[in-house]
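Asker: data.tsv is reproduced in full below (TSV, C-alpha atoms).
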```tsv
chain	number	residue	atom	x	y	z
H	1	MET	CA	0.00	0.00	0.00
H	2	ARG	CA	1.22	3.32	-1.03
H	3	THR	CA	0.95	6.05	1.46
H	4	LYS	CA	0.46	9.70	0.54
H	5	PRO	CA	3.50	11.76	1.41
H	6	VAL	CA	2.87	14.18	4.14
H	7	ARG	CA	4.38	17.57	3.86
H	8	ARG	CA	5.08	19.13	7.08
H	9	PHE	CA	5.71	22.79	7.27
H	10	THR	CA	7.82	22.89	10.31
H	11	SER	CA	8.25	25.94	12.44
H	12	ALA	CA	11.94	25.94	11.54
H	13	ALA	CA	11.13	26.25	7.85
H	14	ALA	CA	8.68	29.09	8.44
H	15	LEU	CA	11.27	30.91	10.43
H	16	ALA	CA	13.82	30.55	7.66
H	17	LEU	CA	11.37	31.88	5.08
H	18	PHE	CA	10.51	34.83	7.25
H	19	ALA	CA	14.17	35.63	7.79
H	20	ALA	CA	14.78	35.54	4.05
H	21	LEU	CA	11.94	37.99	3.43
H	22	VAL	CA	13.06	40.37	6.12
H	23	THR	CA	16.66	40.55	5.03
H	24	GLY	CA	15.53	41.18	1.47
H	25	CYS	CA	17.96	38.84	-0.12
H	26	GLY	CA	18.01	39.38	-3.88
H	27	SER	CA	17.40	43.12	-3.86
H	28	SER	CA	20.07	45.50	-4.83
H	29	GLY	CA	21.46	48.64	-3.23
H	30	SER	CA	21.41	49.71	0.31
H	31	ASN	CA	18.30	49.11	2.31
H	32	ALA	CA	19.48	50.93	5.33
H	33	THR	CA	17.22	53.38	7.01
H	34	PRO	CA	18.55	56.92	7.47
H	35	VAL	CA	20.90	57.24	10.35
H	36	SER	CA	19.68	59.79	12.79
H	37	GLY	CA	22.42	59.66	15.30
H	38	GLY	CA	20.81	57.28	17.73
H	39	SER	CA	22.48	54.48	19.56
H	40	THR	CA	21.03	51.74	17.38
H	41	ARG	CA	23.11	50.16	14.70
H	42	THR	CA	21.92	49.90	11.15
H	43	THR	CA	22.48	46.94	8.92
H	44	VAL	CA	23.30	47.57	5.30
H	45	GLN	CA	23.85	45.22	2.46
H	46	SER	CA	26.98	45.66	0.50
H	47	HIS	CA	27.69	44.38	-2.95
H	48	VAL	CA	31.03	43.39	-4.33
H	49	ALA	CA	31.08	42.83	-8.07
H	50	GLY	CA	27.42	42.00	-8.07
H	51	VAL	CA	27.77	39.26	-5.56
H	52	HIS	CA	26.02	39.42	-2.28
H	53	SER	CA	28.29	39.39	0.61
H	54	SER	CA	27.46	38.86	4.15
H	55	ASN	CA	25.70	41.62	6.04
H	56	THR	CA	28.00	44.14	7.59
H	57	THR	CA	27.26	46.37	10.52
H	58	VAL	CA	28.21	50.01	10.45
H	59	PRO	CA	28.15	52.54	13.24
H	60	PRO	CA	25.48	55.29	13.14
H	61	SER	CA	28.03	58.01	12.47
H	62	VAL	CA	28.57	56.76	8.93
H	63	PRO	CA	26.35	58.86	6.64
H	64	THR	CA	24.07	57.23	4.15
H	65	ASP	CA	22.88	58.71	0.90
H	66	ILE	CA	19.21	58.28	1.55
H	67	GLY	CA	16.91	60.97	2.98
H	68	PRO	CA	17.70	64.49	4.21
H	69	ARG	CA	20.48	64.66	6.72
H	70	LYS	CA	19.96	66.91	9.72
H	71	PRO	CA	22.72	69.46	10.23
H	72	ASP	CA	24.21	69.65	13.63
H	73	ARG	CA	22.50	71.86	16.13
H	74	ALA	CA	25.50	74.04	16.79
H	75	ALA	CA	25.67	75.11	13.14
H	76	LEU	CA	21.96	75.91	13.09
H	77	ALA	CA	22.24	77.83	16.35
H	78	THR	CA	24.99	79.95	14.81
H	79	VAL	CA	22.84	80.76	11.80
H	80	GLU	CA	19.87	81.52	14.01
H	81	GLN	CA	21.98	83.94	16.02
H	82	GLU	CA	23.15	85.61	12.81
H	83	LEU	CA	19.54	86.02	11.72
H	84	ASN	CA	18.62	87.49	15.10
H	85	ASP	CA	21.51	89.96	14.85
H	86	ALA	CA	20.28	90.88	11.39
H	87	GLY	CA	16.84	91.47	12.87
H	88	SER	CA	18.35	93.88	15.40
H	89	SER	CA	20.20	95.68	12.63
H	90	ILE	CA	17.01	96.00	10.62
H	91	SER	CA	15.07	97.34	13.61
H	92	ALA	CA	17.83	99.86	14.27
H	93	THR	CA	17.19	101.43	10.87
H	94	GLN	CA	13.68	102.58	11.77
H	95	SER	CA	14.77	105.93	13.16
H	96	ALA	CA	16.97	106.70	10.18
H	97	VAL	CA	14.32	105.65	7.67
H	98	SER	CA	11.62	107.76	9.27
H	99	GLY	CA	14.08	110.66	9.52
H	100	SER	CA	14.66	110.48	5.78
H	101	ASP	CA	11.07	111.52	5.10
H	102	VAL	CA	11.51	114.94	3.50
H	103	ASN	CA	7.90	115.95	3.92
H	104	THR	CA	8.13	115.51	7.68
H	105	ALA	CA	11.57	117.08	8.05
H	106	ARG	CA	10.85	120.20	6.00
H	107	GLN	CA	8.06	121.19	8.37
H	108	GLN	CA	10.73	122.20	10.86
H	109	GLU	CA	12.36	124.51	8.36
H	110	GLY	CA	10.02	127.43	8.98
H	111	ASN	CA	10.31	130.74	7.19
H	112	ALA	CA	12.69	133.63	7.40
H	113	PRO	CA	11.30	136.64	9.34
F	1	MET	CA	9.28	177.51	51.32
F	2	ILE	CA	6.79	176.87	48.54
F	3	ARG	CA	9.34	178.03	45.99
F	4	SER	CA	11.93	175.69	47.39
F	5	SER	CA	9.53	172.73	47.20
F	6	ALA	CA	8.65	173.46	43.61
F	7	ARG	CA	12.30	173.58	42.67
F	8	HIS	CA	12.88	170.29	44.42
F	9	VAL	CA	10.06	168.67	42.49
F	10	ALA	CA	11.43	170.04	39.22
F	11	VAL	CA	14.88	168.62	39.91
F	12	VAL	CA	13.51	165.23	40.85
F	13	GLY	CA	11.34	165.23	37.74
F	14	ALA	CA	14.27	166.05	35.48
F	15	LEU	CA	16.32	163.36	37.09
F	16	ALA	CA	13.55	160.84	36.62
F	17	SER	CA	13.23	161.79	32.96
F	18	ALA	CA	16.95	161.39	32.44
F	19	LEU	CA	16.92	157.99	34.09
F	20	THR	CA	13.95	156.88	32.00
F	21	PHE	CA	15.66	158.04	28.79
F	22	ALA	CA	18.81	156.19	29.73
F	23	ALA	CA	16.88	153.05	30.54
F	24	VAL	CA	15.02	153.12	27.23
F	25	GLY	CA	18.26	153.70	25.38
F	26	SER	CA	19.88	150.73	27.10
F	27	ALA	CA	16.91	148.52	26.35
F	28	ALA	CA	17.00	149.55	22.73
F	29	ALA	CA	20.67	148.72	22.55
F	30	LEU	CA	20.09	145.35	24.17
F	31	ASN	CA	17.36	144.65	21.66
F	32	GLY	CA	19.82	145.17	18.87
F	33	ALA	CA	18.24	148.40	17.72
F	34	PRO	CA	21.04	150.89	17.95
F	35	LYS	CA	20.80	154.16	16.14
F	36	LEU	CA	22.28	154.45	12.70
F	37	GLY	CA	23.20	158.08	12.12
F	38	GLY	CA	20.12	159.11	14.01
F	39	ALA	CA	17.85	156.53	12.29
F	40	GLN	CA	16.96	153.20	13.92
F	41	CYS	CA	18.54	150.00	12.51
F	42	LYS	CA	16.07	147.96	10.50
F	43	GLY	CA	15.23	144.38	11.28
F	44	ALA	CA	16.44	144.64	14.85
F	45	ASP	CA	13.16	143.25	16.14
F	46	ALA	CA	13.70	140.04	14.13
F	47	LYS	CA	17.33	139.42	15.00
F	48	SER	CA	16.43	137.26	17.97
F	49	VAL	CA	14.33	135.09	15.67
F	50	VAL	CA	17.29	134.64	13.34
F	51	HIS	CA	19.61	133.88	16.23
F	52	ALA	CA	17.26	131.25	17.65
F	53	ALA	CA	16.91	129.66	14.22
F	54	ALA	CA	20.69	129.60	13.81
F	55	VAL	CA	21.28	128.01	17.22
F	56	LYS	CA	18.60	125.40	16.52
F	57	ARG	CA	20.26	124.52	13.22
F	58	GLU	CA	23.71	124.29	14.77
F	59	GLY	CA	22.36	121.80	17.30
F	60	THR	CA	20.63	119.76	14.62
F	61	LEU	CA	23.75	119.64	12.45
F	62	ALA	CA	25.88	118.54	15.41
F	63	ALA	CA	23.43	115.74	16.15
F	64	LEU	CA	23.52	114.58	12.53
F	65	VAL	CA	27.33	114.57	12.58
F	66	ALA	CA	27.32	112.48	15.74
F	67	ARG	CA	24.95	109.94	14.20
F	68	LEU	CA	27.06	109.54	11.09
F	69	GLN	CA	30.35	109.41	12.98
F	70	ALA	CA	29.08	106.41	14.94
F	71	ARG	CA	28.55	104.39	11.78
F	72	ARG	CA	30.80	102.17	9.65
F	73	ASP	CA	30.45	104.03	6.36
F	74	PRO	CA	30.37	101.07	3.93
F	75	PHE	CA	29.39	103.32	1.02
F	76	ALA	CA	31.95	106.02	1.82
F	77	MET	CA	29.19	108.62	1.99
F	78	ASN	CA	29.38	109.46	5.69
F	79	GLY	CA	32.77	111.15	5.62
F	80	PRO	CA	31.93	113.73	2.92
F	81	GLN	CA	28.51	114.31	4.48
F	82	ILE	CA	30.07	114.97	7.89
F	83	THR	CA	32.39	117.53	6.30
F	84	THR	CA	29.44	119.18	4.55
F	85	LEU	CA	27.44	119.36	7.78
F	86	GLN	CA	30.35	120.79	9.74
F	87	GLN	CA	31.01	123.41	7.09
F	88	ALA	CA	27.34	124.36	7.10
F	89	SER	CA	27.40	124.73	10.86
F	90	SER	CA	30.47	126.98	10.78
F	91	ALA	CA	28.93	129.10	8.05
F	92	ILE	CA	25.70	129.44	10.02
F	93	VAL	CA	27.63	130.59	13.11
F	94	ALA	CA	29.40	133.21	11.00
F	95	LEU	CA	26.17	134.34	9.32
F	96	ASP	CA	24.39	134.68	12.64
F	97	ALA	CA	27.28	136.71	14.08
F	98	LYS	CA	27.24	139.00	11.07
F	99	ILE	CA	23.49	139.55	11.22
F	100	GLN	CA	23.56	140.27	14.95
F	101	ALA	CA	26.42	142.77	14.54
F	102	THR	CA	25.12	144.59	11.48
F	103	CYS	CA	22.93	147.66	11.66
F	104	TYR	CA	20.82	147.35	8.52
F	105	SER	CA	19.69	150.57	6.92
F	106	THR	CA	16.67	148.91	5.35
F	107	ARG	CA	14.45	146.00	6.19
F	108	THR	CA	15.19	144.56	2.75
F	109	ALA	CA	18.91	144.49	3.47
F	110	PHE	CA	18.31	142.70	6.75
F	111	ARG	CA	16.02	140.18	5.13
F	112	ALA	CA	18.47	139.52	2.29
F	113	ASP	CA	20.99	138.29	4.86
F	114	ALA	CA	18.50	136.56	7.12
F	115	VAL	CA	16.85	134.54	4.39
F	116	THR	CA	20.14	132.89	3.46
F	117	LEU	CA	19.98	131.01	6.76
F	118	TRP	CA	17.08	129.18	5.17
F	119	THR	CA	17.78	129.09	1.45
F	120	SER	CA	21.55	128.56	1.51
F	121	TYR	CA	21.59	125.74	4.03
F	122	ARG	CA	18.21	123.99	3.97
F	123	VAL	CA	19.09	122.23	7.18
F	124	TYR	CA	15.68	120.65	7.69
F	125	TRP	CA	14.45	120.47	4.14
F	126	LEU	CA	17.62	118.83	2.82
F	127	ARG	CA	20.39	118.05	5.31
F	128	VAL	CA	18.22	116.21	7.83
F	129	PRO	CA	16.51	113.78	5.42
F	130	GLN	CA	19.68	113.48	3.35
F	131	SER	CA	21.81	112.54	6.34
F	132	HIS	CA	19.19	110.13	7.62
F	133	ALA	CA	19.00	108.46	4.21
F	134	ILE	CA	22.77	108.02	4.23
F	135	GLU	CA	22.64	106.59	7.74
F	136	ALA	CA	19.78	104.27	6.80
F	137	ALA	CA	21.78	102.94	3.85
F	138	ASP	CA	24.72	102.38	6.18
F	139	ARG	CA	22.60	100.42	8.64
F	140	PHE	CA	20.88	98.45	5.90
F	141	ALA	CA	24.26	97.40	4.54
F	142	GLU	CA	25.11	95.97	7.93
F	143	ALA	CA	21.84	94.02	8.09
F	144	ARG	CA	22.31	92.87	4.51
F	145	SER	CA	25.79	91.61	5.33
F	146	ARG	CA	24.51	89.60	8.28
F	147	LEU	CA	21.76	88.05	6.18
F	148	ASP	CA	24.29	87.21	3.49
F	149	THR	CA	26.46	85.42	6.03
F	150	ALA	CA	23.43	83.49	7.27
F	151	ALA	CA	22.39	82.58	3.72
F	152	GLN	CA	25.86	81.27	2.91
F	153	ARG	CA	25.92	79.14	6.03
F	154	LEU	CA	22.46	77.80	5.29
F	155	ALA	CA	23.54	76.87	1.76
F	156	GLY	CA	26.02	74.47	3.31
F	157	LEU	CA	23.42	72.97	5.60
F	158	VAL	CA	20.30	72.45	3.50
F	159	GLY	CA	21.61	69.26	1.86
F	160	THR	CA	18.78	67.46	0.10
F	161	ASN	CA	15.98	69.04	2.13
F	162	SER	CA	13.82	70.37	-0.69
F	163	HIS	CA	11.66	72.61	1.52
F	164	ALA	CA	14.72	74.18	3.09
F	165	LYS	CA	16.31	74.68	-0.31
F	166	SER	CA	13.15	76.32	-1.62
F	167	ASP	CA	13.03	78.73	1.31
F	168	LEU	CA	16.71	79.51	0.92
F	169	ASP	CA	16.16	80.27	-2.76
F	170	ALA	CA	13.37	82.66	-1.78
F	171	MET	CA	15.68	84.32	0.73
F	172	ASN	CA	18.39	84.83	-1.88
F	173	THR	CA	15.88	86.20	-4.39
F	174	VAL	CA	14.71	88.82	-1.90
F	175	LEU	CA	18.30	89.72	-1.06
F	176	ALA	CA	18.99	90.28	-4.75
F	177	GLY	CA	16.07	92.70	-4.76
F	178	VAL	CA	17.65	94.51	-1.81
F	179	ASP	CA	20.91	94.86	-3.74
F	180	ALA	CA	19.09	96.41	-6.67
F	181	LYS	CA	17.87	99.31	-4.52
F	182	LEU	CA	20.48	99.55	-1.80
F	183	GLY	CA	23.46	98.86	-4.00
F	184	VAL	CA	26.44	96.74	-3.06
F	185	ALA	CA	29.09	98.42	-0.93
F	186	PRO	CA	30.97	100.54	-1.78
F	187	THR	CA	28.56	101.49	-4.58
F	188	PRO	CA	25.21	102.82	-3.36
F	189	GLY	CA	21.97	102.31	-5.26
F	190	ALA	CA	20.85	104.94	-7.75
F	191	SER	CA	18.31	106.76	-5.60
F	192	ILE	CA	20.63	106.83	-2.59
F	193	ALA	CA	23.53	108.13	-4.69
F	194	ALA	CA	21.21	110.83	-6.06
F	195	VAL	CA	20.33	111.96	-2.55
F	196	ARG	CA	23.98	112.03	-1.56
F	197	ASP	CA	24.69	114.57	-4.29
F	198	LEU	CA	21.85	116.99	-3.52
F	199	GLN	CA	22.65	120.59	-2.71
F	200	PRO	CA	20.57	123.33	-1.06
F	201	ALA	CA	18.51	125.35	-3.51
F	202	VAL	CA	16.04	128.19	-3.49
F	203	ASP	CA	13.68	126.05	-5.53
F	204	MET	CA	13.63	122.69	-3.78
F	205	THR	CA	11.35	120.90	-6.25
F	206	ALA	CA	14.04	118.63	-7.68
F	207	ASP	CA	15.60	117.96	-4.28
F	208	THR	CA	12.24	117.04	-2.82
F	209	ALA	CA	11.49	114.62	-5.66
F	210	ALA	CA	14.86	112.88	-5.24
F	211	LEU	CA	14.42	112.64	-1.48
F	212	GLU	CA	10.93	111.19	-1.87
F	213	THR	CA	12.21	108.53	-4.29
F	214	ALA	CA	15.01	107.54	-1.96
F	215	HIS	CA	12.66	107.42	1.03
F	216	ALA	CA	10.31	105.11	-0.86
F	217	ASP	CA	13.26	102.85	-1.73
F	218	LEU	CA	14.42	102.80	1.89
F	219	LEU	CA	10.96	101.76	3.04
F	220	SER	CA	10.99	99.01	0.42
F	221	ILE	CA	14.44	97.82	1.47
F	222	TYR	CA	13.27	97.68	5.07
F	223	GLN	CA	10.40	95.37	4.11
F	224	GLN	CA	12.61	93.23	1.88
F	225	LEU	CA	15.18	92.69	4.61
F	226	GLN	CA	12.42	91.65	7.01
F	227	THR	CA	11.14	89.19	4.41
F	228	ALA	CA	14.61	87.78	3.73
F	229	ARG	CA	15.18	87.26	7.44
F	230	ALA	CA	11.81	85.50	7.77
F	231	GLU	CA	12.76	83.17	4.92
F	232	GLY	CA	16.06	82.43	6.64
F	233	LEU	CA	14.29	81.54	9.86
F	234	LYS	CA	12.02	79.24	7.88
F	235	VAL	CA	15.08	77.41	6.53
F	236	VAL	CA	16.42	76.96	10.03
F	237	SER	CA	13.04	75.66	11.15
F	238	GLU	CA	12.95	73.21	8.27
F	239	LEU	CA	16.38	71.89	9.12
F	240	GLN	CA	15.60	71.57	12.79
F	241	GLY	CA	12.69	69.36	11.70
```
Could you write out this structure as structure tokens?

Answerer:
Amino acid sequence: MRTKPVRRFTSAAALALFAALVTGCGSSGSNATPVSGGSTRTTVQSHVAGVHSSNTTVPPSVPTDIGPRKPDRAALATVEQELNDAGSSISATQSAVSGSDVNTARQQEGNAP
Amino acid sequence: MIRSSARHVAVVGALASALTFAAVGSAAALNGAPKLGGAQCKGADAKSVVHAAAVKREGTLAALVARLQARRDPFAMNGPQITTLQQASSAIVALDAKIQATCYSTRTAFRADAVTLWTSYRVYWLRVPQSHAIEAADRFAEARSRLDTAAQRLAGLVGTNSHAKSDLDAMNTVLAGVDAKLGVAPTPGASIAAVRDLQPAVDMTADTAALETAHADLLSIYQQLQTARAEGLKVVSELQG
């Protein structure tokens, strides 16, 4: 008597399939998420001559080419201060600008006796 | 006895008359109305008005000089203007001294001298707005320079942030508009250069028109600089995310 083969989908096999999907084996390019300076490490896939190599782990300080990179806060603070100083300079012109109004100034001229 | 009293009264009366005459004469001299060959000097009653006007102008010119001396002078306009203002002040002092010391034979002669305090110097009609326009350009150049520094720093920070880049482009466009009116140091914009070169005139029509044009440009520059700064702050905000 011939028995029907039973296919068992073991938990180990499911786990392997899931792992393959998650790591994205077969895709090309970097799949790393943008590094935002946190303490987590990001896994990227590197290619050498079109051949997949093993996953390598890079520290978060290594910039990636995906997504806008946030400039450091110190640089932005410097620019913000420069803009605030510019604002003060602009405000300081008010007196001079109003004083340049000829139609107001000439009223003080008066007439000769 | 009665005769003696009458004589006493007559002497006292004569003395009183003499004192009164002397007092009136002194007052007239103090009022700048000395006699001129028996005739009274003309315009003496208005000399105090001229003197007050001269002193007021000297004070105003000194204040304008102080304001310009405190500035950086990026357009090289402050130095010549300070010289002009100081020369005007010296000339006004001399004119006032001459008018106060002169006994004019006619009112017309007095007025011919007095009116030059107004028409030859135009302290309020020309020098005040002119000097303020020069000072405003000076201050605007400083603000413009700060915004330029900020824009250059932001250019190195925007990276691939499209919103930030767009706002930075807007900032630079507005700053270019500022340059068109304000000029780029050391070359002032056209309307500001025109004001710099104005001279006092009897007919102030042309001067007034030039001053009005420059004032309108200065108001526009003020608004543009505010807008450019606001765009810069937007870039910073975008980058801070």

Asker: How close does each residue of chain H get to chain F, giving the shortest atom pair and distance in Å to one decimal for every residue with an atom at most 6 Å away, counting all atoms listed in the file, sorted by chain and residue number, as a Markdown table?

Answerer:
```
| residue | atom | partner | partner_atom | distance |
| --- | --- | --- | --- | --- |
| H:Pro68 | CA | F:Thr160 | CA | 5.2 |
| H:Pro71 | CA | F:Leu157 | CA | 5.9 |
| H:Val79 | CA | F:Ala150 | CA | 5.3 |
| H:Glu82 | CA | F:Ala150 | CA | 5.9 |
| H:Ala86 | CA | F:Ala143 | CA | 4.8 |
| H:Ser89 | CA | F:Ala143 | CA | 5.1 |
| H:Ile90 | CA | F:Ala143 | CA | 5.8 |
| H:Thr93 | CA | F:Ala136 | CA | 5.6 |
| H:Ala96 | CA | F:His132 | CA | 4.8 |
| H:Val97 | CA | F:Ala136 | CA | 5.7 |
| H:Gly99 | CA | F:His132 | CA | 5.5 |
| H:Ser100 | CA | F:Pro129 | CA | 3.8 |
| H:Asp101 | CA | F:Pro129 | CA | 5.9 |
| H:Val102 | CA | F:Pro129 | CA | 5.5 |
| H:Ala105 | CA | F:Tyr124 | CA | 5.5 |
| H:Arg106 | CA | F:Trp125 | CA | 4.1 |
| H:Glu109 | CA | F:Tyr124 | CA | 5.1 |
| H:Ala112 | CA | F:Val115 | CA | 5.2 |
```

Asker: One number please: atom CA of F:Pro80 to atom CA of F:Arg196, in Å, one decimal.

Answerer: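 Spanning atom CA of F:Pro80 to atom CA of F:Arg196 is a straight-line distance of 9.3 Å.
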
Asker: Go through F:Gln40, F:Gly189, F:Arg71, F:Ser89 and flag the residue nearest F:Gly177, using only C-alpha atoms for the distances.

Answerer: F:Gly189

Asker: Quick one, how far is atom CA of H:Leu83 from atom CA of F:Thr173?

Answerer: 16.5 Å

Asker: Find the distance between atom CA of F:Leu68 and atom CA of F:Asp96 and write it in Å to one decimal.

Answerer: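 Computing the Euclidean distance for atom CA of F:Leu68 and atom CA of F:Asp96 yields 25.3 Å.
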
Asker: Here is a test: counting only C-alpha atoms, which residue of F:Tyr121, F:Ile92, F:Ala62, F:Lys98 is nearest to F:Val202?

Answerer: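 Checking each candidate against F:Val202, we get F:Tyr121 as the closest.
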
Asker: Out of F:Asp203, F:Thr102, F:Glu231, F:Ala194, which residue has the shortest atom-to-atom distance to F:Ala164 when counting all atoms listed in the file?

Answerer: F:Glu231

Asker: Kindly indicate which residue among F:Ala44, F:Ala185, F:Ala206, F:Val195 lies nearest to F:Arg72, using only C-alpha atoms for the distances.

Answerer: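 Among F:Ala44, F:Ala185, F:Ala206, F:Val195, it is F:Ala185 that comes nearest to F:Arg72.
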
Asker: When you count all atoms listed in the file, which of these residues is closest to F:Ala97: F:Leu182, F:Met77, F:Val65, F:Ala54?

Answerer: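 Of all the options, F:Ala54 lies closest to F:Ala97.
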
Asker: Could you rebuild stretch 184-197 of chain F with N, CA and C atoms and give it back as a PDB file, in the coordinates of the input?

Answerer:
```pdb
ATOM      1  N   VAL F 184      25.508  97.655  -3.722  1.00  0.00           N
ATOM      2  CA  VAL F 184      26.440  96.740  -3.060  1.00  0.00           C
ATOM      3  C   VAL F 184      27.684  97.559  -2.697  1.00  0.00           C
ATOM      4  N   ALA F 185      27.963  97.606  -1.401  1.00  0.00           N
ATOM      5  CA  ALA F 185      29.090  98.420  -0.930  1.00  0.00           C
ATOM      6  C   ALA F 185      30.358  98.084  -1.701  1.00  0.00           C
ATOM      7  N   PRO F 186      31.097  99.109  -2.151  1.00  0.00           N
ATOM      8  CA  PRO F 186      30.970 100.540  -1.780  1.00  0.00           C
ATOM      9  C   PRO F 186      30.120 101.374  -2.740  1.00  0.00           C
ATOM     10  N   THR F 187      29.347 100.729  -3.607  1.00  0.00           N
ATOM     11  CA  THR F 187      28.560 101.490  -4.580  1.00  0.00           C
ATOM     12  C   THR F 187      27.103 101.546  -4.136  1.00  0.00           C
ATOM     13  N   PRO F 188      26.609 102.726  -3.803  1.00  0.00           N
ATOM     14  CA  PRO F 188      25.210 102.820  -3.360  1.00  0.00           C
ATOM     15  C   PRO F 188      24.251 102.693  -4.537  1.00  0.00           C
ATOM     16  N   GLY F 189      23.000 102.366  -4.231  1.00  0.00           N
ATOM     17  CA  GLY F 189      21.970 102.310  -5.260  1.00  0.00           C
ATOM     18  C   GLY F 189      21.718 103.687  -5.852  1.00  0.00           C
ATOM     19  N   ALA F 190      21.014 103.692  -6.992  1.00  0.00           N
ATOM     20  CA  ALA F 190      20.850 104.940  -7.750  1.00  0.00           C
ATOM     21  C   ALA F 190      20.157 106.036  -6.959  1.00  0.00           C
ATOM     22  N   SER F 191      19.052 105.704  -6.302  1.00  0.00           N
ATOM     23  CA  SER F 191      18.310 106.760  -5.600  1.00  0.00           C
ATOM     24  C   SER F 191      19.080 107.286  -4.396  1.00  0.00           C
ATOM     25  N   ILE F 192      19.842 106.409  -3.760  1.00  0.00           N
ATOM     26  CA  ILE F 192      20.630 106.830  -2.590  1.00  0.00           C
ATOM     27  C   ILE F 192      21.809 107.698  -3.041  1.00  0.00           C
ATOM     28  N   ALA F 193      22.430 107.314  -4.145  1.00  0.00           N
ATOM     29  CA  ALA F 193      23.530 108.130  -4.690  1.00  0.00           C
ATOM     30  C   ALA F 193      23.009 109.505  -5.111  1.00  0.00           C
ATOM     31  N   ALA F 194      21.782 109.536  -5.646  1.00  0.00           N
ATOM     32  CA  ALA F 194      21.210 110.830  -6.060  1.00  0.00           C
ATOM     33  C   ALA F 194      20.994 111.742  -4.868  1.00  0.00           C
ATOM     34  N   VAL F 195      20.539 111.161  -3.771  1.00  0.00           N
ATOM     35  CA  VAL F 195      20.330 111.960  -2.550  1.00  0.00           C
ATOM     36  C   VAL F 195      21.649 112.472  -1.996  1.00  0.00           C
ATOM     37  N   ARG F 196      22.646 111.639  -2.049  1.00  0.00           N
ATOM     38  CA  ARG F 196      23.980 112.030  -1.560  1.00  0.00           C
ATOM     39  C   ARG F 196      24.468 113.306  -2.233  1.00  0.00           C
ATOM     40  N   ASP F 197      24.155 113.462  -3.510  1.00  0.00           N
ATOM     41  CA  ASP F 197      24.690 114.570  -4.290  1.00  0.00           C
ATOM     42  C   ASP F 197      23.835 115.835  -4.256  1.00  0.00           C
TER      43      ASP F 197
END
```
